[in-house]
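See below for the structure under consideration.
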Amino acid sequence: MMPDLGKYADTVLSAYSASLLLLLALVVLTILRGRKVRREMETLESRVKRNG
Amino acid sequence: MSIWEYANPKKFLATTEKVMPALWVSSAVLIAAGLIWGFFFTPDDYRQGSTVKIIFLHVPSALMAINAWFMMLVTSLVWVIRRHHVSALAARAAAPVGIVMTVIALITGAIWGQPMWGTWWAWDPRLTSFLVLFLFYLGYIALWEAIDNPDTAADLTSILCLVGSVFAVLSRYAVNFWNQGLHQGASLSLDKKENVADAFSNPLYVCMAGFVLLFIALVFYRTGTEIRARRIKALMARERLEA
Amino acid sequence: MTLTVTDLSVARGGIPVLESVDFALDSGKALILRGPNGIGKTTLLRTVAGLQPPLKGRVEGAEDQIAYAAHSDGLKPTLTVAENLTFWASVFGRNGIEQALDGFDLQGLRDRQAGALSAGQKRRLGLSRMLVTGRPIWIMDEPTVSLDKSSVETFADVVRAHLGQGGSALIATHIDLGLEAEVMDVGPYKAKPHDIDDFDGGFL
Amino acid sequence: MTLTVTDLSVARGGIPVLESVDFALDSGKALILRGPNGIGKTTLLRTVAGLQPPLKGRVEGAEDQIAYAAHSDGLKPTLTVAENLTFWASVFGRNGIEQALDGFDLQGLRDRQAGALSAGQKRRLGLSRMLVTGRPIWIMDEPTVSLDKSSVETFADVVRAHLGQGGSALIATHIDLGLEAEVMDVGPYKAKPHDIDDFDGGFL
Amino acid sequence: MIALLMRDLKLAFRAGGGFGLGLAFFLIVTVMVPFSVGPQSELLARIAPGVLWLGALLACLLSLDRLLALDWEDGSLDLLATAPLPLESTVTIKALAHWITTGLPLVMAAPVLGLLLSLPVSGFLWLVVSLLLGTPALSVIGTFGAALTVGLKRGGLLMSLLVMPLYVPTLIFGSEVARRGAEGMTVQTPLLMLAGISAASIALLPFASAAVLRVNLR
Amino acid sequence: MIALLMRDLKLAFRAGGGFGLGLAFFLIVTVMVPFSVGPQSELLARIAPGVLWLGALLACLLSLDRLLALDWEDGSLDLLATAPLPLESTVTIKALAHWITTGLPLVMAAPVLGLLLSLPVSGFLWLVVSLLLGTPALSVIGTFGAALTVGLKRGGLLMSLLVMPLYVPTLIFGSEVARRGAEGMTVQTPLLMLAGISAASIALLPFASAAVLRVNLR
Ligand code: HEM
Ligand SMILES: Nc1ncnc2c1ncn2[C@@H]1O[C@H](COP(=O)(O)OP(=O)(O)OP(=O)(O)O)[C@@H](O)[C@H]1O
Ligand SMILES: Nc1ncnc2c1ncn2[C@@H]1O[C@H](COP(=O)(O)OP(=O)(O)OP(=O)(O)O)[C@@H](O)[C@H]1O
Ligand SMILES: [Mg+2]
Ligand SMILES: [Mg+2]
């Protein structure tokens, strides 16, 4: 399954893991903040509507 | 029916809401496919050994790092000229994505450099100009964060983006003049002599397409978030007026 | 030389504070703005003076006619009183600061550094700056802050003399200046909340 | 808990401005200082508050009893109203800012950043700081600058309540606060020019 | 006291509060060195420990001018002086907040920047150790400089001028430790001196700073 | 216009006005370099042109934050904006005043400091020429940065962050001229580029600065 990376295994694997980690972190943070802001906006909208 | 219609925040939210799932899925599929293809099913390079596999992350991220700045330049111009709020917010949304891409290109490059050039870092022009690009991103983001008033921030950051782009190009030339480099030439160019072998180029194209889609997805989503954040600010201000 | 403000809406920090303000200020007249703290007087004055763009509406007759006195006086603490005034006079292409010094009773402080003045003395110097601009329309934001009773009277005299020479003045203040001037309460112009479903560039 | 000032001479920038000031301030009482601009009220208050040393004379009963409100309010523009007050409360080892917020009608502005307040709102916040210190003697330098009429009344009410609880207040002001308090004109204490032959430590 | 520390940290982390800017300055100075002295990595490796120390010192220095001046301008210092907190603790806490928001991030960033300047592998450990020992001294000494110049409008540059000579011993011993470390030599003597300077500054300077501040307030 | 220039110069020369402080900073940075990288004169000679350019650049940068911020804080900028002077000339004059009080003294002091760092004799001429051509660009670019951050309390460090990358081309070509000069090589190409950057910045950037200032004033 795993291809033979030879003597550069560390190099290649660390490059892949660092990059994927960064990408994942970017996506996750983006979505978390998006959700939070969306929730805040909805509560605020309903409150404002209720108050007139 | 002009594209400026999408500059209305509500319309923008409604439209992107519809295409978001497709964007997420297709970018994930393309990136996964490209990386798996590249990682498991390409041969080692005769000179670089298995390190050549890093190219599937390195080149797409470098590409997007530059293109993200370019997109910010365009949206900043649109804001300066036509004053569409969504445009300014899109620039704001793209900057963190761009800086992460820059960091990925720098990190993968540094890791790749260790076995190939025997050093993590060299002051090669291409590497150096990427570092300068990183600094531009940093300054741009810091300026957005430092200013309260969103319209002021949009105006200032877009002028910074315009002036900064000119100076970024200038630095590219300066750096080229200052040091001859170690780095690869443009291997995907039409100049066949330098070109990467076909075995690598196809999965590379797939990865590049995936990164482009991921960038679009992230920017759409983040722009939506920025729009909502602006609306929260405006709503709170309105409440204040009533109080 | 009339300053006309038509249907003016002004915003602070991106938020509308006053809407549809209308007034005209003829030469020889003064207009006093009143209203509770935070209603938007400062914002209105800055917009009329051209320091910030209006949300809506127009300001006419202001171009190069206005001298503006804000909360802060634009004084350099290391320059003397006379040097400060001379600078502002020459920026406005004029010379002669004696009249300004006399007007606010500053002759005795003439060679004192501005940084070594008391709060009220600084304010008097800041106000005397209006006299060296040679501009006909004076816009002043709470000009009498820190002034004692007699200085307030001096100030009123100077404004009266300015009006007598065909100038005009727009003043925001909380106290009674003893000027014979029209008074406008800005309270009624307070911006009304927008309809929140109208989700446009203003994000409301 | 009486604040006693005996034969106090104060100087600003090395130059004596007021001489031989005497007064006593009992708890439950307020003393209002008046005098033309530049006479030395600010200097006197800073000396009494212990921020600068007197030239001569003594201030008794001030140690750790004084809360001082200067021209500037010590507000951080990036902290909210509540955060600003909470900070000052804990510096003085107390907690609970509700009463201060209520006193100056700031509940509605509680979560607003202090930098986004109008001049009068800032001033109200600065004054409400006095309430969270828990100190009995309030020393205030022109506290009502920028305040509108109704805020001045609120302020007077707060001071009255403070006096009622056994506190005292020393206030320099040019306007009429509507407080039932003793008024002291500092004019007569103006420092007389020394005899220039008397060439001593003061170089005069 | 904790309230003051918390407030200062909060202010630093708020938008425009200045957290991370010292770091950014450090980064930028380091990046600019190759632009100015040229890209040869053998030359860069030789000057790397010195450049990193100098960069850290400048970054500290530049973030000092907001340490007390902001509190002075808005009147907070006057009010703090009448508060029940002794001025000695106030300045100590301010120095601590400065170190947490500036010194500590510099220490953590230094190895990454060492990479950029081709610092030899053997040098990383001692670079970090020397910065960890030296930056607290930089903060405390800097607080003294800030207290000296607090009354002056934009005293920033004057303060740099006053503080720089005071920084000389710390800089000499600190960069000596880093340099010897990079060259594989023994670091004991300069390390002890550095530790001594730090300890003495932290113990004694706050009294001087408080005294100076008292003079400036009146 | 002349009144504004005169006032700015007068303010700079008054006590606490900041004249000479940029110079002092330049001096100190240069003096601290041997402390941090070690005293070998052959090494110092090699890095001398670069260090002098970097020092000059930092000195310029640090004196920028008082360029507009003081006028902003005391309300002068508001008043200047309502005066009959177009904002473009105001910022140009401010940049000029900055150059006269900071850039010019740096140019004149550089040869002396070159001596301290054992700069080769051949290097002095081109060092001075490159600084003379480059410092005006530094002032104009810096004015843009100062205008961007003028509304922020103590925007000093943020300003450094924004301005530094903009300084990169000037620094590269400037120090390249000085370096080549010191090594006796031909300097024509970088010299032309440096002159071009200076001329273009002076011609165009004031418009950007004025635009930014207008945004900040409202
Ligand atoms: C931190 C170090 C590095 C940085 C910042 C960097 C940056 C870049 C950039 C900006 C590109 C251009 C992408 C594009 O324009 O499409 C690129 C492409 C490339 N890099 Fe790197 N690189 C680094 C290190 C390396 C190393 C060590 C190697 C391998 C020895 C390498 C191999 C390549 C290859 C093969 C390409 C594709 C060339 C092309 O299509 O233009 N890079 N890199
Ligand atoms: N930066 C800001 N962001 C958001 N709102 C602000 C900002 N600055 C001021 N405001 C608000 O705008 C409103 C108008 O302020 P303005 O300073 O014009 O009031 P004013 O009438 O001059 O009050 P005062 O009499 O107290 O000076 C106030 O409610 C204030 O809280
Ligand atoms: N730094 C200084 N050096 C010398 N004299 C000064 C200095 N600062 C203020 N003065 C002078 O000291 C005197 C007292 O000033 P002070 O500020 O105490 O007056 P004040 O009564 O508070 O006036 P106001 O009502 O205007 O606030 C004034 O005449 C002033 O000109
Ligand atoms: Mg106001
Ligand atoms: Mg006073």
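Simple scheme: letters A, B, ... for chains in structure tokens order, numbers from 1 for residues in each chain, numbers from 1 for ligands in the order shown.
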Q: For segment 21-36 of chain A, list every protein, DNA or RNA residue within 12 Å, evaluated using only C-alpha atoms, and leave out those in the same chain fewer than 5 positions away; present the list as a VMD selection string.
A: (chain A and resid 13 to 16 41 to 43) or (chain B and resid 24 27 to 28 31 57 61 93 to 105 107 to 108 211 214 to 215 217 to 229 232)
Would you write out chain D as a CSV table (one decimal) with C-alpha atoms, in the first residue's frame, after superposing it on chain C by least squares over all in-order Cα pairs?
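superposed.csv was written with the following content:
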chain,number,residue,atom,x,y,z
D,1,MET,CA,-22.6,84.2,0.8
D,2,THR,CA,-25.2,82.0,2.4
D,3,LEU,CA,-24.4,78.6,3.8
D,4,THR,CA,-27.2,76.3,2.8
D,5,VAL,CA,-27.6,72.8,4.2
D,6,THR,CA,-30.2,70.7,2.4
D,7,ASP,CA,-31.6,67.4,3.5
D,8,LEU,CA,-28.3,66.5,5.1
D,9,SER,CA,-27.7,63.1,6.8
D,10,VAL,CA,-24.6,62.5,8.7
D,11,ALA,CA,-23.0,59.3,10.1
D,12,ARG,CA,-20.4,58.6,12.7
D,13,GLY,CA,-18.5,55.3,12.7
D,14,GLY,CA,-20.7,54.1,9.9
D,15,ILE,CA,-23.9,54.7,11.9
D,16,PRO,CA,-26.3,57.4,10.9
D,17,VAL,CA,-26.8,59.9,13.7
D,18,LEU,CA,-28.7,62.8,12.2
D,19,GLU,CA,-31.1,62.8,9.3
D,20,SER,CA,-32.6,65.4,6.9
D,21,VAL,CA,-31.1,68.4,8.5
D,22,ASP,CA,-32.0,71.6,6.7
D,23,PHE,CA,-30.9,75.1,7.5
D,24,ALA,CA,-29.5,78.2,5.9
D,25,LEU,CA,-27.1,80.6,7.5
D,26,ASP,CA,-27.0,84.1,6.0
D,27,SER,CA,-24.1,86.5,6.5
D,28,GLY,CA,-24.4,88.6,9.6
D,29,LYS,CA,-26.3,85.8,11.4
D,30,ALA,CA,-25.3,83.2,13.9
D,31,LEU,CA,-27.0,79.8,14.4
D,32,ILE,CA,-26.6,77.9,17.7
D,33,LEU,CA,-27.0,74.2,17.8
D,34,ARG,CA,-28.3,72.5,20.9
D,35,GLY,CA,-29.0,69.0,21.9
D,36,PRO,CA,-28.2,66.4,24.5
D,37,ASN,CA,-24.8,64.7,24.7
D,38,GLY,CA,-24.2,62.2,21.9
D,39,ILE,CA,-27.0,63.4,19.6
D,40,GLY,CA,-24.5,64.2,16.8
D,41,LYS,CA,-23.6,67.9,16.9
D,42,THR,CA,-19.9,67.3,16.5
D,43,THR,CA,-20.6,64.9,13.6
D,44,LEU,CA,-22.8,67.5,11.9
D,45,LEU,CA,-20.3,70.3,12.3
D,46,ARG,CA,-17.5,68.2,10.9
D,47,THR,CA,-19.6,67.3,7.9
D,48,VAL,CA,-20.5,70.9,7.2
D,49,ALA,CA,-16.9,71.9,7.5
D,50,GLY,CA,-16.1,69.3,4.8
D,51,LEU,CA,-14.0,67.0,7.0
D,52,GLN,CA,-16.2,64.0,6.4
D,53,PRO,CA,-18.5,63.2,3.6
D,54,PRO,CA,-22.3,63.4,4.1
D,55,LEU,CA,-24.4,60.2,3.9
D,56,LYS,CA,-27.0,62.1,1.9
D,57,GLY,CA,-27.8,65.7,1.1
D,58,ARG,CA,-25.8,68.8,0.2
D,59,VAL,CA,-23.8,71.6,1.8
D,60,GLU,CA,-23.6,74.6,-0.3
D,61,GLY,CA,-21.6,77.8,0.0
D,62,ALA,CA,-19.0,76.3,2.2
D,63,GLU,CA,-16.1,75.9,-0.2
D,64,ASP,CA,-13.1,77.9,1.1
D,65,GLN,CA,-15.3,80.0,3.3
D,66,ILE,CA,-15.1,78.1,6.5
D,67,ALA,CA,-12.9,78.3,9.6
D,68,TYR,CA,-13.4,75.4,11.9
D,69,ALA,CA,-12.6,75.2,15.6
D,70,ALA,CA,-12.7,71.8,17.1
D,71,HIS,CA,-12.4,70.4,20.6
D,72,SER,CA,-8.6,70.5,20.2
D,73,ASP,CA,-7.0,73.7,19.2
D,74,GLY,CA,-4.1,72.7,16.9
D,75,LEU,CA,-1.5,74.5,19.1
D,76,LYS,CA,2.1,73.5,19.3
D,77,PRO,CA,3.2,73.5,22.9
D,78,THR,CA,6.8,74.5,22.1
D,79,LEU,CA,5.9,77.5,20.0
D,80,THR,CA,5.0,80.8,21.6
D,81,VAL,CA,1.5,82.2,21.5
D,82,ALA,CA,2.6,84.7,18.8
D,83,GLU,CA,4.4,82.1,16.7
D,84,ASN,CA,1.4,79.8,16.8
D,85,LEU,CA,-0.9,82.6,15.5
D,86,THR,CA,1.6,83.8,12.9
D,87,PHE,CA,1.8,80.3,11.5
D,88,TRP,CA,-1.9,80.0,11.1
D,89,ALA,CA,-2.2,83.5,9.6
D,90,SER,CA,0.4,82.7,6.9
D,91,VAL,CA,-1.2,79.3,6.1
D,92,PHE,CA,-4.4,81.3,5.3
D,93,GLY,CA,-2.2,83.8,3.4
D,94,ARG,CA,-2.7,86.7,5.8
D,95,ASN,CA,-0.6,88.6,8.1
D,96,GLY,CA,-1.1,90.7,11.2
D,97,ILE,CA,-2.0,88.9,14.4
D,98,GLU,CA,-2.3,92.0,16.6
D,99,GLN,CA,-6.1,92.2,16.2
D,100,ALA,CA,-6.4,88.5,17.2
D,101,LEU,CA,-4.2,89.0,20.2
D,102,ASP,CA,-6.2,92.1,21.3
D,103,GLY,CA,-9.5,90.4,20.7
D,104,PHE,CA,-8.9,87.7,23.2
D,105,ASP,CA,-6.8,89.7,25.6
D,106,LEU,CA,-3.6,87.7,24.9
D,107,GLN,CA,-1.1,90.5,24.5
D,108,GLY,CA,0.3,89.7,28.0
D,109,LEU,CA,0.9,86.1,27.1
D,110,ARG,CA,2.3,86.8,23.6
D,111,ASP,CA,5.8,85.4,24.2
D,112,ARG,CA,4.7,82.5,26.4
D,113,GLN,CA,5.0,79.0,25.1
D,114,ALA,CA,1.6,77.6,24.4
D,115,GLY,CA,2.4,74.5,26.5
D,116,ALA,CA,2.7,76.6,29.6
D,117,LEU,CA,-0.8,78.0,29.4
D,118,SER,CA,-3.7,77.0,31.6
D,119,ALA,CA,-6.7,75.3,30.1
D,120,GLY,CA,-8.7,78.5,29.6
D,121,GLN,CA,-5.8,80.4,28.2
D,122,LYS,CA,-5.2,77.7,25.7
D,123,ARG,CA,-8.8,77.8,24.7
D,124,ARG,CA,-8.6,81.6,24.2
D,125,LEU,CA,-5.6,81.2,22.0
D,126,GLY,CA,-7.4,78.5,20.0
D,127,LEU,CA,-10.4,80.8,19.5
D,128,SER,CA,-8.2,83.7,18.5
D,129,ARG,CA,-7.0,81.5,15.6
D,130,MET,CA,-10.4,82.1,13.9
D,131,LEU,CA,-9.6,85.8,13.7
D,132,VAL,CA,-6.4,85.3,11.7
D,133,THR,CA,-8.0,83.0,9.1
D,134,GLY,CA,-10.0,85.8,7.5
D,135,ARG,CA,-12.7,83.3,6.7
D,136,PRO,CA,-16.3,84.5,6.9
D,137,ILE,CA,-18.0,81.4,8.2
D,138,TRP,CA,-17.0,80.2,11.6
D,139,ILE,CA,-17.9,76.7,12.7
D,140,MET,CA,-17.2,76.1,16.4
D,141,ASP,CA,-17.7,73.1,18.5
D,142,GLU,CA,-18.3,73.9,22.2
D,143,PRO,CA,-16.0,77.0,22.0
D,144,THR,CA,-16.5,78.1,25.6
D,145,VAL,CA,-15.3,74.9,27.4
D,146,SER,CA,-13.0,75.9,30.2
D,147,LEU,CA,-13.6,79.6,29.8
D,148,ASP,CA,-14.5,81.7,32.8
D,149,LYS,CA,-17.5,84.1,32.8
D,150,SER,CA,-15.6,87.1,31.6
D,151,SER,CA,-13.8,85.2,28.9
D,152,VAL,CA,-17.2,83.9,27.7
D,153,GLU,CA,-18.3,87.5,27.4
D,154,THR,CA,-15.2,88.5,25.5
D,155,PHE,CA,-15.9,85.6,23.2
D,156,ALA,CA,-19.5,86.7,22.6
D,157,ASP,CA,-18.2,90.2,21.8
D,158,VAL,CA,-15.8,88.9,19.2
D,159,VAL,CA,-18.5,86.9,17.6
D,160,ARG,CA,-20.8,89.9,17.6
D,161,ALA,CA,-18.1,92.0,15.9
D,162,HIS,CA,-17.5,89.2,13.3
D,163,LEU,CA,-21.2,89.1,12.5
D,164,GLY,CA,-21.2,92.9,12.3
D,165,GLN,CA,-18.6,92.7,9.6
D,166,GLY,CA,-20.8,90.4,7.5
D,167,GLY,CA,-19.5,87.1,8.8
D,168,SER,CA,-21.6,84.3,10.1
D,169,ALA,CA,-21.2,81.6,12.8
D,170,LEU,CA,-22.4,78.1,13.5
D,171,ILE,CA,-21.9,77.1,17.1
D,172,ALA,CA,-22.6,74.0,19.1
D,173,THR,CA,-22.8,74.7,22.8
D,174,HIS,CA,-24.5,73.7,26.0
D,175,ILE,CA,-24.3,77.0,27.7
D,176,ASP,CA,-25.9,80.4,27.1
D,177,LEU,CA,-23.6,82.7,25.2
D,178,GLY,CA,-25.7,85.8,25.5
D,179,LEU,CA,-25.7,86.1,21.7
D,180,GLU,CA,-28.8,87.2,19.8
D,181,ALA,CA,-28.9,84.3,17.5
D,182,GLU,CA,-31.2,81.7,16.2
D,183,VAL,CA,-31.2,78.5,18.2
D,184,MET,CA,-31.8,75.1,16.6
D,185,ASP,CA,-32.4,72.0,18.6
D,186,VAL,CA,-31.0,69.0,16.6
D,187,GLY,CA,-33.0,66.5,18.7
D,188,PRO,CA,-35.8,66.1,16.2
D,189,TYR,CA,-33.4,65.2,13.4
D,190,LYS,CA,-32.2,62.1,15.3
D,191,ALA,CA,-31.8,59.3,12.9
D,192,LYS,CA,-34.6,56.7,13.1
D,193,PRO,CA,-33.5,53.1,13.1
D,194,HIS,CA,-34.0,51.7,9.6
D,195,ASP,CA,-36.1,48.8,8.7
D,196,ILE,CA,-33.8,45.9,9.1
D,197,ASP,CA,-35.3,44.0,6.2
D,198,ASP,CA,-34.2,46.7,3.9
D,199,PHE,CA,-30.8,45.1,3.3
D,200,ASP,CA,-29.0,47.5,1.0
D,201,GLY,CA,-25.6,49.2,0.6
D,202,GLY,CA,-25.8,50.2,4.3
D,203,PHE,CA,-26.2,46.6,5.3
D,204,LEU,CA,-29.4,47.4,7.1
Which residues of chain E come within 6 Å of chain F, and what is each one's closest atom pair and distance in Å (one decimal), counting only C-alpha atoms, sorted by chain and residue number, as JSON lines?
{"residue": "E:Leu21", "atom": "CA", "partner": "F:Leu157", "partner_atom": "CA", "distance": 5.8}
{"residue": "E:Phe35", "atom": "CA", "partner": "F:Ile172", "partner_atom": "CA", "distance": 5.4}
{"residue": "E:Ser36", "atom": "CA", "partner": "F:Gly50", "partner_atom": "CA", "distance": 4.2}
{"residue": "E:Val37", "atom": "CA", "partner": "F:Gly50", "partner_atom": "CA", "distance": 4.3}
{"residue": "E:Ile47", "atom": "CA", "partner": "F:Val37", "partner_atom": "CA", "distance": 5.4}
{"residue": "E:Gly50", "atom": "CA", "partner": "F:Ser36", "partner_atom": "CA", "distance": 4.3}
{"residue": "E:Leu157", "atom": "CA", "partner": "F:Leu21", "partner_atom": "CA", "distance": 5.8}
{"residue": "E:Ile172", "atom": "CA", "partner": "F:Phe35", "partner_atom": "CA", "distance": 5.5}
{"residue": "E:Ser175", "atom": "CA", "partner": "F:Ser36", "partner_atom": "CA", "distance": 5.5}
With N, CA, C and O atoms retained, write the just-selected residues as an mmCIF file, in the first residue's frame.
data_model
loop_
_atom_site.group_PDB
_atom_site.id
_atom_site.type_symbol
_atom_site.label_atom_id
_atom_site.label_comp_id
_atom_site.auth_asym_id
_atom_site.auth_seq_id
_atom_site.Cartn_x
_atom_site.Cartn_y
_atom_site.Cartn_z
ATOM 1 N N LEU E 21 3.407 43.091 17.247
ATOM 2 C CA LEU E 21 4.074 44.026 16.364
ATOM 3 C C LEU E 21 5.574 44.034 16.620
ATOM 4 O O LEU E 21 6.365 44.162 15.687
ATOM 5 N N PHE E 35 19.180 41.637 2.587
ATOM 6 C CA PHE E 35 19.032 42.622 1.518
ATOM 7 C C PHE E 35 20.144 43.651 1.578
ATOM 8 O O PHE E 35 20.574 44.181 0.572
ATOM 9 N N SER E 36 20.557 43.968 2.792
ATOM 10 C CA SER E 36 21.542 45.034 2.861
ATOM 11 C C SER E 36 22.976 44.518 2.830
ATOM 12 O O SER E 36 23.821 45.142 2.211
ATOM 13 N N VAL E 37 23.277 43.377 3.473
ATOM 14 C CA VAL E 37 24.676 42.940 3.434
ATOM 15 C C VAL E 37 24.946 41.921 2.336
ATOM 16 O O VAL E 37 26.095 41.536 2.142
ATOM 17 N N ILE E 47 27.285 36.234 11.035
ATOM 18 C CA ILE E 47 26.741 37.359 11.801
ATOM 19 C C ILE E 47 25.375 37.038 12.420
ATOM 20 O O ILE E 47 24.821 37.854 13.153
ATOM 21 N N GLY E 50 24.602 37.617 16.310
ATOM 22 C CA GLY E 50 24.634 39.038 16.610
ATOM 23 C C GLY E 50 23.428 39.764 16.055
ATOM 24 O O GLY E 50 22.792 40.580 16.736
ATOM 25 N N LEU E 157 12.170 58.565 20.406
ATOM 26 C CA LEU E 157 13.555 58.488 19.966
ATOM 27 C C LEU E 157 14.518 58.883 21.072
ATOM 28 O O LEU E 157 15.578 58.288 21.223
ATOM 29 N N ILE E 172 26.104 42.742 24.959
ATOM 30 C CA ILE E 172 27.428 42.124 24.795
ATOM 31 C C ILE E 172 27.430 40.699 25.321
ATOM 32 O O ILE E 172 27.795 39.757 24.605
ATOM 33 N N SER E 175 24.852 38.351 23.287
ATOM 34 C CA SER E 175 25.242 37.896 21.962
ATOM 35 C C SER E 175 26.517 37.056 22.047
ATOM 36 O O SER E 175 26.741 36.186 21.209
#
Q: Within 6 Å of chain C, which residues of chain F are there when counting only C-alpha atoms? Please give them as a PyMOL selection string.
A: chain F and resi 74-76+218
Output N, CA, C and O atoms for every residue in that selection, as a PDB file, in the first residue's frame.
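File written: selection-v6.pdb
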ATOM      1  N   ASP F  74      -3.198  66.928  18.073  1.00  0.00           N
ATOM      2  CA  ASP F  74      -3.593  68.234  18.576  1.00  0.00           C
ATOM      3  C   ASP F  74      -4.581  68.938  17.655  1.00  0.00           C
ATOM      4  O   ASP F  74      -4.882  70.111  17.839  1.00  0.00           O
ATOM      5  N   GLY F  75      -5.101  68.222  16.668  1.00  0.00           N
ATOM      6  CA  GLY F  75      -6.146  68.801  15.828  1.00  0.00           C
ATOM      7  C   GLY F  75      -5.633  69.645  14.672  1.00  0.00           C
ATOM      8  O   GLY F  75      -6.427  70.119  13.861  1.00  0.00           O
ATOM      9  N   SER F  76      -4.316  69.833  14.548  1.00  0.00           N
ATOM     10  CA  SER F  76      -3.807  70.664  13.452  1.00  0.00           C
ATOM     11  C   SER F  76      -4.182  70.110  12.081  1.00  0.00           C
ATOM     12  O   SER F  76      -4.433  70.866  11.151  1.00  0.00           O
ATOM     13  N   ARG F 218     -11.872  61.758   7.934  1.00  0.00           N
ATOM     14  CA  ARG F 218     -13.326  61.840   8.031  1.00  0.00           C
ATOM     15  C   ARG F 218     -13.886  61.042   9.187  1.00  0.00           C
ATOM     16  O   ARG F 218     -13.184  60.267   9.791  1.00  0.00           O
TER      17      ARG F 218
END
Q | Which of chain D DSSP labels strand (DSSP E or B), written as a PyMOL selection string | A | chain D and resi 3-12+15-25+30-34+56-60+66-69+80+113+137-141+168-172+182-185+190
What would the file look like if the residues just selected were written as a compact mmCIF listing (two decimals), in the first residue's frame with C-alpha atoms?
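To be explicit, this is the file written out as out-v7.txt:
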# COMPACT_ATOMS: atom_id res chain seq x y z
CA LEU D 3 -9.17 67.69 54.90
CA THR D 4 -7.15 70.61 56.21
CA VAL D 5 -5.03 72.85 54.07
CA THR D 6 -2.78 75.23 55.98
CA ASP D 7 -0.78 78.08 54.55
CA LEU D 8 -0.34 76.26 51.26
CA SER D 9 1.72 77.79 48.45
CA VAL D 10 1.70 76.10 45.09
CA ALA D 11 3.84 76.54 41.99
CA ARG D 12 3.53 75.61 38.35
CA ILE D 15 6.68 79.79 39.34
CA PRO D 16 4.52 80.34 42.44
CA VAL D 17 0.91 80.88 41.46
CA LEU D 18 -1.09 80.78 44.69
CA GLU D 19 0.11 81.61 48.18
CA SER D 20 -1.05 81.00 51.72
CA VAL D 21 -4.21 79.14 50.90
CA ASP D 22 -6.10 77.96 53.97
CA PHE D 23 -9.24 75.94 54.17
CA ALA D 24 -10.79 72.95 55.85
CA LEU D 25 -13.22 70.57 54.27
CA ALA D 30 -18.48 70.52 49.38
CA LEU D 31 -16.17 73.39 48.55
CA ILE D 32 -16.26 75.07 45.19
CA LEU D 33 -13.22 76.89 43.88
CA ARG D 34 -13.70 79.79 41.55
CA LYS D 56 5.17 75.67 51.44
CA GLY D 57 2.46 74.68 53.86
CA ARG D 58 0.67 71.45 54.61
CA VAL D 59 -2.17 69.27 53.40
CA GLU D 60 -3.57 67.04 56.13
CA ILE D 66 -8.67 61.12 47.76
CA ALA D 67 -10.13 60.32 44.38
CA TYR D 68 -8.99 62.77 41.74
CA ALA D 69 -10.70 63.58 38.43
CA THR D 80 -15.68 48.90 26.82
CA GLN D 113 -15.99 50.86 23.43
CA ILE D 137 -12.81 62.94 49.30
CA TRP D 138 -13.49 63.81 45.70
CA ILE D 139 -11.28 66.36 43.98
CA MET D 140 -12.57 67.42 40.60
CA ASP D 141 -11.21 69.81 38.02
CA SER D 168 -16.78 65.49 50.74
CA ALA D 169 -15.90 67.21 47.48
CA LEU D 170 -13.52 69.89 46.29
CA ILE D 171 -14.54 71.18 42.89
CA ALA D 172 -13.07 73.78 40.55
CA GLU D 182 -19.37 76.89 50.18
CA VAL D 183 -17.71 78.89 47.42
CA MET D 184 -14.13 80.07 47.64
CA ASP D 185 -12.65 82.56 45.23
CA LYS D 190 -2.67 85.06 43.89
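The gap separating atom CA of Val163 of chain E from atom CA of Arg7 of chain E is 25.8 Å, in Å to one decimal.
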Q. For ligand 1, which of B:Leu106, B:Ala65, B:Val166, B:Val86 is the closest residue, counting only C-alpha atoms and all ligand atoms?
A. B:Leu106
